[in-house]
file run31.json (JSON, C-alpha atoms)
[["chain", "number", "residue", "atom", "x", "y", "z"],
["A", 1, "MET", "CA", -14.57, -0.91, -30.06],
["A", 2, "LYS", "CA", -12.53, -2.64, -27.37],
["A", 3, "HIS", "CA", -13.76, -5.75, -25.61],
["A", 4, "ILE", "CA", -13.16, -6.92, -22.06],
["A", 5, "LEU", "CA", -13.88, -10.52, -21.06],
["A", 6, "VAL", "CA", -14.93, -10.65, -17.40],
["A", 7, "ALA", "CA", -14.66, -14.08, -15.81],
["A", 8, "LEU", "CA", -17.21, -14.32, -13.02],
["A", 9, "ASP", "CA", -17.55, -17.27, -10.69],
["A", 10, "ALA", "CA", -20.47, -17.97, -8.38],
["A", 11, "SER", "CA", -18.87, -16.37, -5.32],
["A", 12, "PRO", "CA", -20.14, -13.15, -3.70],
["A", 13, "ARG", "CA", -16.90, -11.49, -4.84],
["A", 14, "ALA", "CA", -17.99, -11.67, -8.48],
["A", 15, "ARG", "CA", -19.91, -8.45, -8.02],
["A", 16, "GLY", "CA", -16.70, -6.60, -7.06],
["A", 17, "VAL", "CA", -14.84, -8.06, -10.05],
["A", 18, "LEU", "CA", -17.65, -6.91, -12.34],
["A", 19, "GLY", "CA", -17.63, -3.43, -10.75],
["A", 20, "THR", "CA", -13.90, -3.01, -11.43],
["A", 21, "ALA", "CA", -14.30, -4.27, -15.01],
["A", 22, "LEU", "CA", -17.12, -1.77, -15.54],
["A", 23, "GLN", "CA", -14.90, 1.09, -14.33],
["A", 24, "LEU", "CA", -12.27, 0.14, -16.92],
["A", 25, "ALA", "CA", -14.87, -0.35, -19.66],
["A", 26, "THR", "CA", -16.26, 3.11, -19.00],
["A", 27, "LEU", "CA", -12.78, 4.66, -19.12],
["A", 28, "ALA", "CA", -11.83, 2.87, -22.32],
["A", 29, "ASP", "CA", -15.29, 3.04, -23.90],
["A", 30, "ALA", "CA", -15.18, -0.75, -24.12],
["A", 31, "LYS", "CA", -17.86, -3.44, -24.15],
["A", 32, "LEU", "CA", -18.03, -6.16, -21.53],
["A", 33, "ILE", "CA", -18.42, -9.86, -22.20],
["A", 34, "LEU", "CA", -19.57, -11.62, -19.03],
["A", 35, "TYR", "CA", -18.47, -15.24, -18.90],
["A", 36, "ARG", "CA", -18.66, -18.17, -16.54],
["A", 37, "ALA", "CA", -17.05, -21.58, -17.01],
["A", 38, "VAL", "CA", -19.31, -24.20, -15.51],
["A", 39, "GLY", "CA", -18.10, -27.47, -14.03],
["A", 40, "ILE", "CA", -19.75, -30.28, -12.11],
["A", 41, "PRO", "CA", -20.21, -29.13, -8.50],
["A", 42, "GLN", "CA", -18.88, -31.37, -5.76],
["A", 43, "GLU", "CA", -22.34, -31.78, -4.31],
["A", 44, "LEU", "CA", -25.35, -32.13, -6.57],
["A", 45, "PRO", "CA", -28.94, -31.57, -5.47],
["A", 46, "ARG", "CA", -30.90, -34.84, -5.30],
["A", 47, "GLU", "CA", -33.25, -33.88, -8.17],
["A", 48, "ARG", "CA", -30.30, -33.61, -10.53],
["A", 49, "LEU", "CA", -28.85, -37.03, -9.78],
["A", 50, "ASP", "CA", -31.24, -38.67, -12.23],
["A", 51, "LEU", "CA", -30.38, -36.39, -15.16],
["A", 52, "THR", "CA", -28.40, -37.69, -18.12],
["A", 53, "ASP", "CA", -24.94, -36.18, -18.68],
["A", 54, "GLN", "CA", -26.32, -33.91, -21.40],
["A", 55, "GLY", "CA", -29.30, -32.93, -19.28],
["A", 56, "LEU", "CA", -27.09, -32.14, -16.30],
["A", 57, "GLU", "CA", -24.72, -30.04, -18.41],
["A", 58, "ALA", "CA", -27.62, -28.06, -19.93],
["A", 59, "SER", "CA", -29.18, -27.57, -16.53],
["A", 60, "LEU", "CA", -25.95, -26.22, -14.98],
["A", 61, "ILE", "CA", -25.30, -23.88, -17.91],
["A", 62, "GLU", "CA", -28.86, -22.59, -17.77],
["A", 63, "GLU", "CA", -28.50, -21.88, -14.06],
["A", 64, "ALA", "CA", -25.17, -20.06, -14.59],
["A", 65, "GLN", "CA", -26.67, -18.07, -17.46],
["A", 66, "ARG", "CA", -29.55, -16.92, -15.25],
["A", 67, "ASP", "CA", -27.15, -15.93, -12.48],
["A", 68, "LEU", "CA", -24.91, -13.99, -14.88],
["A", 69, "GLU", "CA", -27.88, -12.21, -16.44],
["A", 70, "GLY", "CA", -28.92, -11.19, -12.93],
["A", 71, "LEU", "CA", -25.45, -9.73, -12.34],
["A", 72, "ALA", "CA", -25.56, -7.96, -15.72],
["A", 73, "MET", "CA", -28.78, -6.25, -14.73],
["A", 74, "THR", "CA", -27.00, -4.54, -11.82],
["A", 75, "ILE", "CA", -24.80, -2.45, -14.16],
["A", 76, "ASP", "CA", -25.21, -0.09, -17.13],
["A", 77, "ALA", "CA", -26.75, -2.32, -19.82],
["A", 78, "SER", "CA", -25.16, -0.33, -22.65],
["A", 79, "ARG", "CA", -21.73, -1.63, -21.55],
["A", 80, "VAL", "CA", -22.71, -5.30, -21.79],
["A", 81, "GLU", "CA", -22.32, -6.95, -25.18],
["A", 82, "LEU", "CA", -22.73, -10.59, -24.27],
["A", 83, "VAL", "CA", -23.50, -12.82, -21.29],
["A", 84, "PHE", "CA", -22.73, -16.50, -21.60],
["A", 85, "ALA", "CA", -21.59, -19.68, -19.87],
["A", 86, "THR", "CA", -19.92, -22.78, -21.22],
["A", 87, "PHE", "CA", -19.15, -26.17, -19.78],
["A", 88, "ALA", "CA", -15.38, -26.09, -19.28],
["A", 89, "THR", "CA", -12.53, -26.22, -16.82],
["A", 90, "ALA", "CA", -12.42, -22.63, -15.60],
["A", 91, "TRP", "CA", -8.88, -21.60, -16.59],
["A", 92, "ASP", "CA", -9.10, -23.35, -19.95],
["A", 93, "GLY", "CA", -12.52, -21.90, -20.73],
["A", 94, "ILE", "CA", -11.35, -18.37, -19.90],
["A", 95, "CYS", "CA", -8.19, -18.63, -22.03],
["A", 96, "ARG", "CA", -10.06, -20.28, -24.91],
["A", 97, "GLU", "CA", -12.87, -17.71, -25.00],
["A", 98, "ALA", "CA", -10.45, -14.80, -24.67],
["A", 99, "ARG", "CA", -8.54, -16.07, -27.69],
["A", 100, "SER", "CA", -11.50, -17.01, -29.86],
["A", 101, "ARG", "CA", -13.28, -13.69, -29.22],
["A", 102, "ASP", "CA", -10.02, -11.76, -29.58],
["A", 103, "VAL", "CA", -10.70, -9.60, -26.53],
["A", 104, "ASP", "CA", -8.35, -6.78, -25.52],
["A", 105, "LEU", "CA", -8.33, -7.54, -21.81],
["A", 106, "VAL", "CA", -9.37, -10.32, -19.46],
["A", 107, "VAL", "CA", -10.51, -9.55, -15.91],
["A", 108, "VAL", "CA", -10.47, -12.23, -13.20],
["A", 109, "GLY", "CA", -10.80, -12.19, -9.43],
["A", 110, "ALA", "CA", -7.80, -12.93, -7.24],
["A", 111, "GLN", "CA", -9.80, -15.12, -4.88],
["A", 112, "GLY", "CA", -8.11, -18.37, -4.20],
["A", 113, "TYR", "CA", -4.77, -16.93, -5.14],
["A", 114, "GLY", "CA", -2.81, -17.10, -1.93],
["A", 115, "ARG", "CA", 0.58, -18.74, -1.63],
["A", 116, "LEU", "CA", -0.89, -22.18, -1.00],
["A", 117, "ASP", "CA", -3.40, -21.78, -3.81],
["A", 118, "ARG", "CA", -0.60, -21.01, -6.25],
["A", 119, "LEU", "CA", 1.12, -24.24, -5.34],
["A", 120, "LEU", "CA", -2.12, -26.12, -5.90],
["A", 121, "GLY", "CA", -2.73, -24.45, -9.24],
["A", 122, "THR", "CA", -6.02, -22.60, -8.92],
["A", 123, "THR", "CA", -7.93, -20.92, -11.70],
["A", 124, "ALA", "CA", -6.31, -17.48, -11.45],
["A", 125, "ALA", "CA", -2.82, -18.94, -11.27],
["A", 126, "LYS", "CA", -3.40, -21.08, -14.36],
["A", 127, "VAL", "CA", -4.94, -18.19, -16.26],
["A", 128, "VAL", "CA", -1.86, -16.08, -15.46],
["A", 129, "ASN", "CA", 0.36, -18.73, -16.97],
["A", 130, "HIS", "CA", -1.68, -19.53, -20.06],
["A", 131, "ILE", "CA", -3.49, -16.36, -21.14],
["A", 132, "ASP", "CA", -2.13, -14.77, -24.32],
["A", 133, "ARG", "CA", -3.43, -11.25, -23.73],
["A", 134, "ASN", "CA", -3.49, -8.55, -21.08],
["A", 135, "LEU", "CA", -4.95, -9.63, -17.76],
["A", 136, "LEU", "CA", -6.26, -7.71, -14.77],
["A", 137, "VAL", "CA", -6.31, -9.64, -11.50],
["A", 138, "VAL", "CA", -8.78, -7.89, -9.21],
["A", 139, "ARG", "CA", -7.93, -7.90, -5.53],
["A", 140, "GLY", "CA", -10.48, -6.61, -3.04],
["A", 141, "ASP", "CA", -12.95, -3.87, -3.84],
["A", 142, "ARG", "CA", -10.61, -0.88, -4.16],
["A", 143, "ALA", "CA", -11.99, 1.44, -6.86],
["A", 144, "LEU", "CA", -9.74, 2.16, -9.81],
["A", 145, "THR", "CA", -11.46, 5.31, -10.92],
["A", 146, "PRO", "CA", -11.21, 8.56, -8.92],
["B", 1, "MET", "CA", -4.92, 11.00, -6.73],
["B", 2, "LYS", "CA", -4.66, 7.39, -7.88],
["B", 3, "ALA", "CA", -1.22, 5.81, -8.08],
["B", 4, "LEU", "CA", 0.26, 3.06, -10.23],
["B", 5, "LEU", "CA", 3.46, 1.09, -9.68],
["B", 6, "VAL", "CA", 5.45, -0.09, -12.69],
["B", 7, "PRO", "CA", 8.37, -2.46, -12.04],
["B", 8, "VAL", "CA", 11.19, -1.72, -14.50],
["B", 9, "ASP", "CA", 13.92, -4.19, -15.45],
["B", 10, "PHE", "CA", 15.08, -2.18, -18.48],
["B", 11, "SER", "CA", 13.73, -4.78, -20.93],
["B", 12, "ALA", "CA", 11.43, -4.12, -23.89],
["B", 13, "THR", "CA", 8.79, -6.00, -21.92],
["B", 14, "SER", "CA", 8.82, -3.59, -19.01],
["B", 15, "GLU", "CA", 8.93, -0.65, -21.45],
["B", 16, "ASP", "CA", 5.72, -2.01, -23.03],
["B", 17, "ALA", "CA", 4.12, -2.16, -19.60],
["B", 18, "LEU", "CA", 5.19, 1.41, -18.85],
["B", 19, "VAL", "CA", 3.68, 2.69, -22.11],
["B", 20, "HIS", "CA", 0.39, 0.96, -21.20],
["B", 21, "ALA", "CA", 0.58, 2.36, -17.68],
["B", 22, "ILE", "CA", 1.01, 5.92, -18.97],
["B", 23, "ASP", "CA", -2.07, 5.54, -21.18],
["B", 24, "LEU", "CA", -4.02, 4.22, -18.20],
["B", 25, "ALA", "CA", -2.70, 6.96, -15.91],
["B", 26, "ASP", "CA", -3.95, 9.55, -18.39],
["B", 27, "GLU", "CA", -7.41, 7.96, -18.22],
["B", 28, "LEU", "CA", -7.34, 7.69, -14.43],
["B", 29, "ASP", "CA", -5.55, 10.98, -13.83],
["B", 30, "ALA", "CA", -3.04, 8.93, -11.84],
["B", 31, "LYS", "CA", 0.64, 9.26, -10.99],
["B", 32, "ILE", "CA", 3.19, 6.53, -11.72],
["B", 33, "HIS", "CA", 5.97, 5.22, -9.48],
["B", 34, "LEU", "CA", 8.82, 3.39, -11.21],
["B", 35, "LEU", "CA", 10.55, 0.63, -9.29],
["B", 36, "HIS", "CA", 13.71, -1.29, -10.07],
["B", 37, "VAL", "CA", 14.71, -4.22, -7.91],
["B", 38, "ILE", "CA", 18.36, -5.21, -7.70],
["B", 39, "ARG", "CA", 18.36, -8.93, -7.23],
["B", 40, "ILE", "CA", 20.30, -9.82, -4.12],
["B", 41, "VAL", "CA", 19.32, -13.24, -2.85],
["B", 42, "ASP", "CA", 21.22, -15.34, -0.34],
["B", 43, "GLY", "CA", 24.07, -12.83, -0.23],
["B", 44, "ALA", "CA", 24.73, -12.91, -3.96],
["B", 45, "LEU", "CA", 23.88, -10.61, -6.84],
["B", 46, "GLY", "CA", 21.74, -11.86, -9.72],
["B", 47, "ALA", "CA", 24.72, -13.12, -11.69],
["B", 48, "GLY", "CA", 25.90, -15.14, -8.69],
["B", 49, "LEU", "CA", 28.60, -12.60, -7.84],
["B", 50, "PRO", "CA", 29.31, -12.26, -4.14],
["B", 51, "VAL", "CA", 28.11, -9.01, -2.57],
["B", 52, "THR", "CA", 30.82, -6.54, -1.66],
["B", 53, "SER", "CA", 30.19, -2.97, -0.58],
["B", 54, "ASP", "CA", 32.11, -1.54, -3.55],
["B", 55, "ARG", "CA", 30.18, -3.67, -5.97],
["B", 56, "VAL", "CA", 26.83, -2.75, -4.43],
["B", 57, "THR", "CA", 27.66, 0.97, -4.42],
["B", 58, "GLU", "CA", 28.70, 0.77, -8.05],
["B", 59, "LEU", "CA", 25.60, -1.19, -8.99],
["B", 60, "ILE", "CA", 23.22, 1.14, -7.17],
["B", 61, "ALA", "CA", 24.68, 4.18, -8.93],
["B", 62, "HIS", "CA", 24.49, 2.45, -12.30],
["B", 63, "GLN", "CA", 20.91, 1.20, -11.89],
["B", 64, "GLN", "CA", 19.68, 4.50, -10.43],
["B", 65, "ALA", "CA", 21.09, 6.31, -13.46],
["B", 66, "ALA", "CA", 19.39, 3.81, -15.77],
["B", 67, "LEU", "CA", 16.07, 4.23, -13.96],
["B", 68, "ASP", "CA", 16.38, 8.01, -14.14],
["B", 69, "ARG", "CA", 16.95, 7.71, -17.89],
["B", 70, "VAL", "CA", 13.72, 5.71, -18.24],
["B", 71, "ALA", "CA", 11.86, 8.37, -16.24],
["B", 72, "ARG", "CA", 13.36, 11.16, -18.35],
["B", 73, "SER", "CA", 12.36, 9.43, -21.57],
["B", 74, "HIS", "CA", 8.73, 9.57, -20.40],
["B", 75, "HIS", "CA", 8.98, 12.93, -18.67],
["B", 76, "GLY", "CA", 6.72, 14.49, -21.29],
["B", 77, "SER", "CA", 3.80, 12.39, -20.07],
["B", 78, "GLY", "CA", 3.80, 14.35, -16.82],
["B", 79, "ARG", "CA", 2.80, 11.16, -15.00],
["B", 80, "ILE", "CA", 6.09, 9.96, -13.46],
["B", 81, "ALA", "CA", 5.99, 10.84, -9.76],
["B", 82, "GLY", "CA", 8.95, 8.88, -8.40],
["B", 83, "CYS", "CA", 11.79, 6.45, -9.12],
["B", 84, "TRP", "CA", 12.55, 3.85, -6.48],
["B", 85, "LEU", "CA", 15.42, 1.43, -6.12],
["B", 86, "ARG", "CA", 15.12, -1.60, -3.85],
["B", 87, "TYR", "CA", 17.09, -4.80, -3.49],
["B", 88, "GLY", "CA", 16.09, -8.36, -2.71],
["B", 89, "ASP", "CA", 13.74, -10.88, -4.30],
["B", 90, "ALA", "CA", 11.58, -8.99, -6.82],
["B", 91, "GLY", "CA", 8.60, -11.27, -6.21],
["B", 92, "ALA", "CA", 8.47, -10.13, -2.58],
["B", 93, "VAL", "CA", 9.86, -6.61, -2.93],
["B", 94, "ILE", "CA", 7.35, -5.42, -5.57],
["B", 95, "PRO", "CA", 4.20, -6.18, -3.49],
["B", 96, "ASP", "CA", 5.86, -4.64, -0.41],
["B", 97, "ALA", "CA", 6.71, -1.47, -2.32],
["B", 98, "ALA", "CA", 3.14, -1.31, -3.64],
["B", 99, "THR", "CA", 1.86, -1.33, -0.08],
["B", 100, "GLU", "CA", 4.46, 1.16, 1.12],
["B", 101, "LEU", "CA", 3.63, 3.58, -1.72],
["B", 102, "ALA", "CA", -0.12, 2.94, -1.31],
["B", 103, "VAL", "CA", -0.62, 2.36, -5.02],
["B", 104, "ASP", "CA", -3.96, 1.26, -6.45],
["B", 105, "LEU", "CA", -2.56, -0.93, -9.21],
["B", 106, "ILE", "CA", 0.66, -2.68, -10.18],
["B", 107, "VAL", "CA", 1.26, -2.75, -13.95],
["B", 108, "ILE", "CA", 3.78, -5.45, -14.81],
["B", 109, "GLY", "CA", 5.01, -6.79, -18.12],
["B", 110, "THR", "CA", 5.44, -10.42, -19.02],
["B", 111, "ARG", "CA", 6.61, -12.30, -22.06],
["B", 112, "GLY", "CA", 4.34, -15.19, -21.33],
["B", 113, "VAL", "CA", 7.05, -17.70, -20.62],
["B", 114, "ARG", "CA", 6.07, -21.31, -20.15],
["B", 115, "GLY", "CA", 7.64, -24.58, -19.22],
["B", 116, "ILE", "CA", 11.11, -24.64, -17.71],
["B", 117, "ALA", "CA", 11.75, -20.96, -18.49],
["B", 118, "ARG", "CA", 8.67, -20.02, -16.48],
["B", 119, "THR", "CA", 10.15, -21.45, -13.34],
["B", 120, "VAL", "CA", 12.71, -18.66, -13.42],
["B", 121, "LEU", "CA", 11.27, -15.76, -15.42],
["B", 122, "GLY", "CA", 7.58, -16.20, -14.76],
["B", 123, "SER", "CA", 8.02, -16.77, -11.06],
["B", 124, "VAL", "CA", 8.32, -13.04, -10.34],
["B", 125, "VAL", "CA", 4.97, -12.33, -11.97],
["B", 126, "GLU", "CA", 3.36, -15.26, -10.17],
["B", 127, "ALA", "CA", 4.77, -14.17, -6.83],
["B", 128, "VAL", "CA", 3.59, -10.59, -7.35],
["B", 129, "MET", "CA", 0.12, -11.78, -8.33],
["B", 130, "GLY", "CA", -0.05, -13.92, -5.24],
["B", 131, "ALA", "CA", 1.26, -11.44, -2.69],
["B", 132, "ALA", "CA", -0.03, -8.08, -3.91],
["B", 133, "ALA", "CA", -2.65, -6.36, -1.76],
["B", 134, "CYS", "CA", -3.90, -4.32, -4.74],
["B", 135, "HIS", "CA", -5.08, -5.03, -8.28],
["B", 136, "VAL", "CA", -2.43, -6.28, -10.73],
["B", 137, "LEU", "CA", -2.50, -5.62, -14.47],
["B", 138, "LEU", "CA", -0.40, -8.03, -16.47],
["B", 139, "ILE", "CA", 0.71, -6.65, -19.84],
["B", 140, "ARG", "CA", 1.49, -9.42, -22.30],
["B", 141, "SER", "CA", 4.41, -8.07, -24.32],
["B", 142, "GLN", "CA", 4.91, -8.93, -27.96],
["B", 143, "HIS", "CA", 8.65, -8.65, -27.48],
["B", 144, "GLY", "CA", 10.27, -12.05, -27.23],
["B", 145, "ALA", "CA", 6.92, -13.87, -26.97],
["B", 146, "PRO", "CA", 7.30, -17.64, -26.83],
["B", 147, "ALA", "CA", 6.56, -19.53, -30.03]]

call {"tool": "encode", "arguments": {"input": "run31.json", "output": "structure tokens"}}
result
Amino acid sequence: MKHILVALDASPRARGVLGTALQLATLADAKLILYRAVGIPQELPRERLDLTDQGLEASLIEEAQRDLEGLAMTIDASRVELVFATFATAWDGICREARSRDVDLVVVGAQGYGRLDRLLGTTAAKVVNHIDRNLLVVRGDRALTP
Amino acid sequence: MKALLVPVDFSATSEDALVHAIDLADELDAKIHLLHVIRIVDGALGAGLPVTSDRVTELIAHQQAALDRVARSHHGSGRIAGCWLRYGDAGAVIPDAATELAVDLIVIGTRGVRGIARTVLGSVVEAVMGAAACHVLLIRSQHGAPA
């Protein structure tokens, strides 16, 4: 059985990335692994300011996990093998998980991958340069399947 | 019908990408366009040779024949719909050709170069990823992979 790691951020475009990954998984009879790398947001809600580092990390991962599970429920459940989040820098987390789980393909969104973004070194650009397996960069919501 | 674009530079890496693309085209019932870009930047060919009309004519004929050979070697797949030759900077020409041919996906090979080598070899892939208006599938070739 083939495995596809789908990197999903918290943007509204994650749904489109997941939809494209699902089309490929259906074609290839593959299982999806839904993943989000969680970092410290630039602005934290007031109630989280008092948390310890460990408490904050657990709280952010739990929130990401819930969000991902909500996304997973919008697609065919039989295609989803695993839904998980880790505390990591996005590009590093994606490359690390892809390697350790020995997936066949990684799917990421192209958002934040304009010319300026490439110069600044965004997530997608860094994944392109560091990933050691096949990578699909999803642009827009154009369907791949007929 | 869906369409894929596969840039070909006659390396084992681009051959790997083409083999993957054919498998995918079978699944998608898609056609494949092959594209070779002759590198002419700042009035010079890739090797730094100045552009003359004789040299360009000779090069176009040679590269077109090579591209046709690649297409013929995969003719049995029944997926190759066209062979296209363009010149310029591959990082800009490939996304433009993808738009012109209205493809759904670019399938491009890479050896996964890093460090100083990436600034030259990997820059095409990066530029394509950044400028393409469609999805891009990067095939990580096992040929000549960095240690």

call {"tool": "interface_residues", "arguments": {"input": "run31.json", "of": "chain A", "to": "chain B", "cutoff": "6 Å", "atoms": "all atoms listed in the file", "output": "PyMOL selection string"}}
result
chain A and resi 113-114+133-139+145

call {"tool": "closest_residue", "arguments": {"input": "run31.json", "among": "B:Asp89, B:Val103, B:His20, B:Lys31", "to": "A:Ala143", "atoms": "all atoms listed in the file"}}
result
B:Val103

call {"tool": "atom_distance", "arguments": {"input": "run31.json", "atom1": "atom CA of A:Ile131", "atom2": "atom CA of B:Val124"}}
result
16.3 Å

call {"tool": "residues_around", "arguments": {"input": "run31.json", "residues": "A:Asp29", "least_positions_apart": "2", "cutoff": "12 Å", "atoms": "all atoms listed in the file", "output": "JSON, numbers by chain"}}
result
{"A": [1, 2, 3, 4, 21, 22, 23, 24, 25, 26, 27, 31, 32, 78, 79, 80], "B": [27]}

call {"tool": "write_last_selection", "arguments": {"input": "run31.json", "atoms": "C-alpha atoms", "output": "tab-separated table (two decimals), in the coordinates of the input"}}
result
chain	number	residue	atom	x	y	z
A	1	MET	CA	-14.57	-0.91	-30.06
A	2	LYS	CA	-12.53	-2.64	-27.37
A	3	HIS	CA	-13.76	-5.75	-25.61
A	4	ILE	CA	-13.16	-6.92	-22.06
A	21	ALA	CA	-14.30	-4.27	-15.01
A	22	LEU	CA	-17.12	-1.77	-15.54
A	23	GLN	CA	-14.90	1.09	-14.33
A	24	LEU	CA	-12.27	0.14	-16.92
A	25	ALA	CA	-14.87	-0.35	-19.66
A	26	THR	CA	-16.26	3.11	-19.00
A	27	LEU	CA	-12.78	4.66	-19.12
A	31	LYS	CA	-17.86	-3.44	-24.15
A	32	LEU	CA	-18.03	-6.16	-21.53
A	78	SER	CA	-25.16	-0.33	-22.65
A	79	ARG	CA	-21.73	-1.63	-21.55
A	80	VAL	CA	-22.71	-5.30	-21.79
B	27	GLU	CA	-7.41	7.96	-18.22

call {"tool": "residues_around", "arguments": {"input": "run31.json", "residues": "B:Val6", "least_positions_apart": "2", "cutoff": "8 Å", "atoms": "only C-alpha atoms", "output": "mmCIF file with C-alpha atoms, keeping the file's coordinate frame"}}
result
data_model
loop_
_atom_site.group_PDB
_atom_site.id
_atom_site.type_symbol
_atom_site.label_atom_id
_atom_site.label_comp_id
_atom_site.auth_asym_id
_atom_site.auth_seq_id
_atom_site.Cartn_x
_atom_site.Cartn_y
_atom_site.Cartn_z
ATOM 1 C CA LEU B 4 0.260 3.060 -10.230
ATOM 2 C CA VAL B 8 11.190 -1.720 -14.500
ATOM 3 C CA SER B 14 8.820 -3.590 -19.010
ATOM 4 C CA ALA B 17 4.120 -2.160 -19.600
ATOM 5 C CA LEU B 18 5.190 1.410 -18.850
ATOM 6 C CA ALA B 21 0.580 2.360 -17.680
ATOM 7 C CA ILE B 32 3.190 6.530 -11.720
ATOM 8 C CA HIS B 33 5.970 5.220 -9.480
ATOM 9 C CA LEU B 34 8.820 3.390 -11.210
ATOM 10 C CA LEU B 35 10.550 0.630 -9.290
ATOM 11 C CA ILE B 106 0.660 -2.680 -10.180
ATOM 12 C CA VAL B 107 1.260 -2.750 -13.950
ATOM 13 C CA ILE B 108 3.780 -5.450 -14.810
#

call {"tool": "residues_around", "arguments": {"input": "run31.json", "residues": "A:Thr86", "least_positions_apart": "5", "cutoff": "8 Å", "atoms": "all atoms listed in the file", "output": "ChimeraX atom specification"}}
result
/A:36-38,61,93

call {"tool": "atom_distance", "arguments": {"input": "run31.json", "atom1": "atom CA of A:Arg99", "atom2": "atom CA of A:Leu18"}}
result
20.1 Å

call {"tool": "atom_distance", "arguments": {"input": "run31.json", "atom1": "atom CA of B:Leu59", "atom2": "atom CA of B:Gly88"}}
result
13.5 Å

call {"tool": "residues_around", "arguments": {"input": "run31.json", "residues": "A:Gly70", "least_positions_apart": "2", "cutoff": "12 Å", "atoms": "all atoms listed in the file", "output": "JSON, numbers by chain"}}
result
{"A": [10, 14, 15, 34, 63, 64, 65, 66, 67, 68, 72, 73, 74, 75, 77, 83, 84]}

call {"tool": "closest_residue", "arguments": {"input": "run31.json", "among": "B:Val128, B:His75, B:Val70, B:Phe10", "to": "B:Ala90", "atoms": "all atoms listed in the file"}}
result
B:Val128

call {"tool": "residues_around", "arguments": {"input": "run31.json", "residues": "B:His36", "least_positions_apart": "3", "cutoff": "9 Å", "atoms": "only C-alpha atoms", "output": "NGL selection string"}}
result
:B and (6-10 or 63-64 or 67 or 83-87 or 90 or 94)

call {"tool": "closest_residue", "arguments": {"input": "run31.json", "among": "A:Asp132, A:Leu71, A:Ala90, A:Ala85", "to": "A:Gly16", "atoms": "all atoms listed in the file"}}
result
A:Leu71

call {"tool": "closest_residue", "arguments": {"input": "run31.json", "among": "B:Leu101, B:Ala65, B:Val37, B:Val19", "to": "B:Gly82", "atoms": "only C-alpha atoms"}}
result
B:Leu101
